[in-house]
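Contents: one structure, followed by commentary.
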Amino acid sequence: DVKVTQSSRYLVKRTGEKVFLECVQDMDHENMFWYRQDPGLGLRLIYFSYDVKMKEKGDIPEGYSVSREKKERFSLILESASTNQTSMYLCASSLRQGAVDEQYFGPGTRLTVT
Amino acid sequence: GEDVEQSLFLSVREGDSSVINCTYTDSSSTYLYWYKQEPGAGLQLLTYIFSNMDMKQDQRLTVLLNKKDKHLSLRIADTQTGDSAIYFCAEKSYNTDKLIFGTGTRLQVFP
């Protein structure tokens with residue numbers, strides 16, 4: 001079974017703190033994605049990576065950065081957390097140009113910024 | 001840019017059929033997907049349809065695709081309480097690995 005794990009299920013941080021969200025997948029997938037999920041807005045893509053050290057901006061990259069030093073790990077960084085970054089963060093992975101391009105999701109990290 | 005829209009809520013009685021609808025704008029979509037998110041969990045692929053198909057059936061699930069109207073629907077027959085979840089429609093364009101997700105439809109099944 002494909003497994004995507006995220007470092008925390010719940011996180012509470014203060015405004016201005018630097019926040020790291022970690023994601024690890026165990027299926028040797030090339031693609032990894034970070035989304036945020038907000039009620040009424042669905043999933044919005046923040047960043048994605050199709051290879052080690054490669055990254056591309058998604059639809060809402062402002063206030064975020066990412067790091068992919070190893071194929072299995074994709075980190076989302078909030079340089080200076082703000083209250084409008086309170087959200088559910090979902091990581092996903094997929095094979096590059098796979099047959100169906102199914103994305104496999106982690107359980108999510110609910111981040112609260114106070 | 002591409003856009004995928006869904007209604008936010010649907011409430012059905014146990015045993016009835018549920019129909020969740022989705023509209024999309026990208027005419028170059030290659031695959032269209034339905035993902036299910038149960039409470040406290042990530043998304044899981046439920047079913048998908050290739051853009052050159054009109055219909056796909058998988059046990060209690062029927063996916064209908066109307067390419068002319070860019071309309072996708074998911075029908076769940078004999079809806080059970082375990083089907084209560086958020087259902088996301090997503091589309092994938094040609095030559096990209098990115099998916100565009102809809103807003104999600106929260107399905108509530110009552111006895």
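Residue numbering restarts at 1 in every chain; chains get A, B, ... in the order shown in the structure tokens, and ligands count up from 1 in that same order.
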Name all residues at most 7 Å from Pro111 in chain B (count only C-alpha atoms; drop same-chain ones fewer than 2 positions away) and give them as a VMD selection string.
chain B and resid 13 to 14 109
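Residues in contact range of Val63 in chain B, defined as at most 10 Å between only C-alpha atoms, with sequence neighbours fewer than 2 positions away removed, read Val19, Ile20, Asn21, Leu32, Tyr33, Trp34, Thr47, Tyr48, Ile49, Met53, Asp54, Met55, Lys56, Gln57, Asp58, Leu61, Leu65, Leu72, Ser73, Leu74, Arg75 and Ile76 of chain B.
With distances restricted to only C-alpha atoms, A:Arg96 is the closest residue to chain B from A:Arg36, A:Lys55, A:Arg96, A:Lys13.
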Every residue of range 23-76 of chain A that DSSP places in strand (DSSP E or B), as a PyMOL selection string:
chain A and resi 23-25+31-38+42-49+56-57+64-70+73-76
From the set B:Phe101, B:Tyr87, B:Tyr24, B:Tyr94, which residue has the shortest atom-to-atom contact distance to chain A, counting only C-alpha atoms?
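Under the stated criterion, the closest residue is B:Phe101.
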For chain A, list the residues within 8 Å of chain B, counting only C-alpha atoms, and write the list as JSON, numbers by chain.
{"A": [31, 39, 40, 41, 42, 43, 44, 90, 96, 97, 100, 101, 102, 103, 104, 105, 106, 107, 108]}
What would the file look like if the residues just selected were written as a short mmCIF file (atom, residue, chain, number, x, y, z; two decimals), in the first residue's frame with all heavy atoms?
data_model
loop_
_atom_site.label_atom_id
_atom_site.label_comp_id
_atom_site.auth_asym_id
_atom_site.auth_seq_id
_atom_site.Cartn_x
_atom_site.Cartn_y
_atom_site.Cartn_z
N ASN A 31 6.47 12.80 -8.22
CA ASN A 31 5.73 14.04 -7.96
C ASN A 31 5.29 14.12 -6.51
O ASN A 31 4.82 13.14 -5.94
CB ASN A 31 4.46 14.09 -8.82
CG ASN A 31 4.76 14.10 -10.30
OD1 ASN A 31 5.77 14.64 -10.74
ND2 ASN A 31 3.87 13.51 -11.07
N PRO A 39 -12.76 25.48 4.01
CA PRO A 39 -14.19 25.28 3.72
C PRO A 39 -14.69 26.20 2.61
O PRO A 39 -14.42 27.40 2.63
CB PRO A 39 -14.86 25.61 5.05
CG PRO A 39 -13.80 25.38 6.07
CD PRO A 39 -12.51 25.77 5.41
N GLY A 40 -15.40 25.61 1.64
CA GLY A 40 -15.95 26.40 0.56
C GLY A 40 -14.97 26.75 -0.55
O GLY A 40 -15.37 27.26 -1.59
N LEU A 41 -13.70 26.46 -0.31
CA LEU A 41 -12.68 26.77 -1.33
C LEU A 41 -12.05 25.51 -1.91
O LEU A 41 -11.27 25.59 -2.87
CB LEU A 41 -11.59 27.67 -0.74
CG LEU A 41 -12.03 29.05 -0.28
CD1 LEU A 41 -10.87 29.81 0.36
CD2 LEU A 41 -12.61 29.85 -1.44
N GLY A 42 -12.31 24.37 -1.32
CA GLY A 42 -11.74 23.12 -1.82
C GLY A 42 -10.24 23.04 -1.57
O GLY A 42 -9.73 23.60 -0.60
N LEU A 43 -9.55 22.34 -2.45
CA LEU A 43 -8.10 22.20 -2.34
C LEU A 43 -7.45 23.18 -3.29
O LEU A 43 -7.80 23.25 -4.46
CB LEU A 43 -7.68 20.77 -2.75
CG LEU A 43 -7.56 19.75 -1.65
CD1 LEU A 43 -8.92 19.44 -1.08
CD2 LEU A 43 -6.89 18.49 -2.16
N ARG A 44 -6.48 23.90 -2.76
CA ARG A 44 -5.72 24.83 -3.60
C ARG A 44 -4.26 24.45 -3.54
O ARG A 44 -3.70 24.24 -2.47
CB ARG A 44 -5.95 26.27 -3.13
CG ARG A 44 -7.37 26.77 -3.37
CD ARG A 44 -7.56 28.19 -2.87
NE ARG A 44 -7.46 28.28 -1.43
CZ ARG A 44 -7.35 29.42 -0.76
NH1 ARG A 44 -7.29 30.58 -1.40
NH2 ARG A 44 -7.30 29.42 0.57
N LEU A 90 -2.57 19.52 3.23
CA LEU A 90 -2.54 18.15 2.71
C LEU A 90 -1.37 17.97 1.77
O LEU A 90 -1.14 18.80 0.89
CB LEU A 90 -3.84 17.83 1.97
CG LEU A 90 -5.10 17.76 2.81
CD1 LEU A 90 -6.33 17.76 1.93
CD2 LEU A 90 -5.11 16.51 3.68
N ARG A 96 5.15 10.12 -11.92
CA ARG A 96 5.24 11.11 -13.00
C ARG A 96 4.67 10.48 -14.26
O ARG A 96 5.10 9.43 -14.69
CB ARG A 96 6.69 11.51 -13.22
CG ARG A 96 6.87 12.60 -14.26
CD ARG A 96 8.15 13.35 -14.04
NE ARG A 96 8.47 14.26 -15.12
CZ ARG A 96 7.90 15.44 -15.29
NH1 ARG A 96 6.97 15.84 -14.46
NH2 ARG A 96 8.26 16.21 -16.28
N GLN A 97 3.63 11.11 -14.79
CA GLN A 97 2.97 10.64 -16.02
C GLN A 97 2.62 9.16 -15.92
O GLN A 97 2.88 8.38 -16.82
CB GLN A 97 3.84 10.93 -17.24
CG GLN A 97 4.01 12.42 -17.44
CD GLN A 97 4.86 12.77 -18.66
OE1 GLN A 97 5.51 11.92 -19.23
NE2 GLN A 97 4.86 14.04 -19.02
N VAL A 100 -2.81 6.50 -14.66
CA VAL A 100 -4.05 7.16 -14.23
C VAL A 100 -3.73 8.46 -13.50
O VAL A 100 -4.59 9.30 -13.32
CB VAL A 100 -4.87 6.21 -13.33
CG1 VAL A 100 -6.11 6.90 -12.77
CG2 VAL A 100 -5.26 4.97 -14.09
N ASP A 101 -2.48 8.63 -13.13
CA ASP A 101 -2.05 9.83 -12.40
C ASP A 101 -2.80 10.03 -11.10
O ASP A 101 -3.12 11.14 -10.72
CB ASP A 101 -2.19 11.08 -13.28
CG ASP A 101 -1.21 11.07 -14.44
OD1 ASP A 101 -0.05 10.69 -14.19
OD2 ASP A 101 -1.60 11.40 -15.55
N GLU A 102 -3.07 8.92 -10.42
CA GLU A 102 -3.72 9.01 -9.12
C GLU A 102 -2.79 9.69 -8.13
O GLU A 102 -1.60 9.37 -8.06
CB GLU A 102 -4.06 7.62 -8.61
CG GLU A 102 -4.67 7.60 -7.22
CD GLU A 102 -5.04 6.22 -6.75
OE1 GLU A 102 -4.88 5.26 -7.53
OE2 GLU A 102 -5.49 6.10 -5.60
N GLN A 103 -3.35 10.61 -7.38
CA GLN A 103 -2.59 11.22 -6.30
C GLN A 103 -2.96 10.54 -4.99
O GLN A 103 -4.13 10.29 -4.71
CB GLN A 103 -2.87 12.73 -6.22
CG GLN A 103 -2.24 13.49 -7.37
CD GLN A 103 -2.28 15.00 -7.20
OE1 GLN A 103 -2.57 15.53 -6.12
NE2 GLN A 103 -1.95 15.72 -8.26
N TYR A 104 -1.94 10.24 -4.19
CA TYR A 104 -2.13 9.60 -2.90
C TYR A 104 -1.89 10.66 -1.82
O TYR A 104 -0.87 11.33 -1.83
CB TYR A 104 -1.14 8.45 -2.72
CG TYR A 104 -1.37 7.32 -3.69
CD1 TYR A 104 -0.84 7.37 -4.97
CD2 TYR A 104 -2.13 6.21 -3.32
CE1 TYR A 104 -1.05 6.34 -5.87
CE2 TYR A 104 -2.34 5.16 -4.22
CZ TYR A 104 -1.80 5.24 -5.49
OH TYR A 104 -2.02 4.23 -6.39
N PHE A 105 -2.84 10.75 -0.91
CA PHE A 105 -2.82 11.83 0.07
C PHE A 105 -2.42 11.36 1.46
O PHE A 105 -2.75 10.23 1.87
CB PHE A 105 -4.20 12.49 0.17
CG PHE A 105 -4.49 13.41 -0.97
CD1 PHE A 105 -4.94 12.92 -2.18
CD2 PHE A 105 -4.33 14.77 -0.83
CE1 PHE A 105 -5.20 13.78 -3.25
CE2 PHE A 105 -4.59 15.64 -1.88
CZ PHE A 105 -5.03 15.14 -3.09
N GLY A 106 -1.75 12.24 2.18
CA GLY A 106 -1.54 12.05 3.61
C GLY A 106 -2.78 12.43 4.38
O GLY A 106 -3.75 12.95 3.81
N PRO A 107 -2.78 12.22 5.71
CA PRO A 107 -3.96 12.48 6.53
C PRO A 107 -4.21 13.96 6.81
O PRO A 107 -5.28 14.33 7.29
CB PRO A 107 -3.68 11.73 7.83
CG PRO A 107 -2.20 11.70 7.90
CD PRO A 107 -1.70 11.62 6.49
N GLY A 108 -3.22 14.80 6.51
CA GLY A 108 -3.41 16.24 6.72
C GLY A 108 -2.82 16.73 8.03
O GLY A 108 -2.70 15.97 9.01
#
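Pairwise distance (CA of Met27 in chain A, CA of Ala92 in chain A) equals 11.6 Å.
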So what do you get for CA of Leu10 in chain B versus CA of Thr25 in chain B, distance-wise?
22.5 Å
May I ask which of the residues B:Ser18, B:Thr23, B:Ser11, B:Thr81 is the closest one to Asn66 in chain B, counting only C-alpha atoms?
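Using only C-alpha atoms, Asn66 in chain B sits closest to B:Thr23.
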Could you tell me which of B:Ser51, B:Ser17, B:Asp3, B:Ser29 comes closest to Ser93 in chain B if we count only C-alpha atoms?
B:Ser29
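Every protein, DNA or RNA residue with an atom at most 9 Å from Gly16 in chain A, where only C-alpha atoms count and chain neighbours fewer than 6 positions away do not, is listed here: Glu79, Ser80, Ala81 and Ser82 of chain A.
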Near Thr5 in chain A, within 7 Å and counting only C-alpha atoms, which residues show up once chain neighbours fewer than 3 positions away are dropped, as a list of chain:residue names?
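My list of contacting residues is A:Cys23, A:Val24, A:Gln25, A:Gly106.
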Can I get the selected residues back with N, CA, C and O atoms, as a compact mmCIF listing (two decimals), in the first residue's frame?
# COMPACT_ATOMS: atom_id res chain seq x y z
N CYS A 23 6.51 15.97 4.92
CA CYS A 23 5.73 14.92 4.25
C CYS A 23 6.69 13.87 3.71
O CYS A 23 7.72 14.23 3.10
N VAL A 24 6.37 12.62 3.94
CA VAL A 24 7.21 11.52 3.46
C VAL A 24 6.33 10.50 2.74
O VAL A 24 5.27 10.13 3.25
N GLN A 25 6.79 10.04 1.58
CA GLN A 25 6.08 8.96 0.86
C GLN A 25 7.04 7.80 0.63
O GLN A 25 8.24 7.99 0.47
N GLY A 106 -1.75 12.24 2.18
CA GLY A 106 -1.54 12.05 3.61
C GLY A 106 -2.78 12.43 4.38
O GLY A 106 -3.75 12.95 3.81
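The space between CA of Tyr35 in chain A and CA of Asn52 in chain B spans 28.4 Å.
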Measuring between only C-alpha atoms, which one of A:Thr83, A:Ser93, A:Asp51, A:Glu72 shows the shortest distance to Glu17 in chain A?
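The answer is A:Thr83, which sits nearest to Glu17 in chain A.
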Just the residues within 10 Å of Asn84 in chain A, please, counting only C-alpha atoms, with nothing from its chain fewer than 5 positions along; format it as an NGL selection string.
:A and (15 or 112-114)
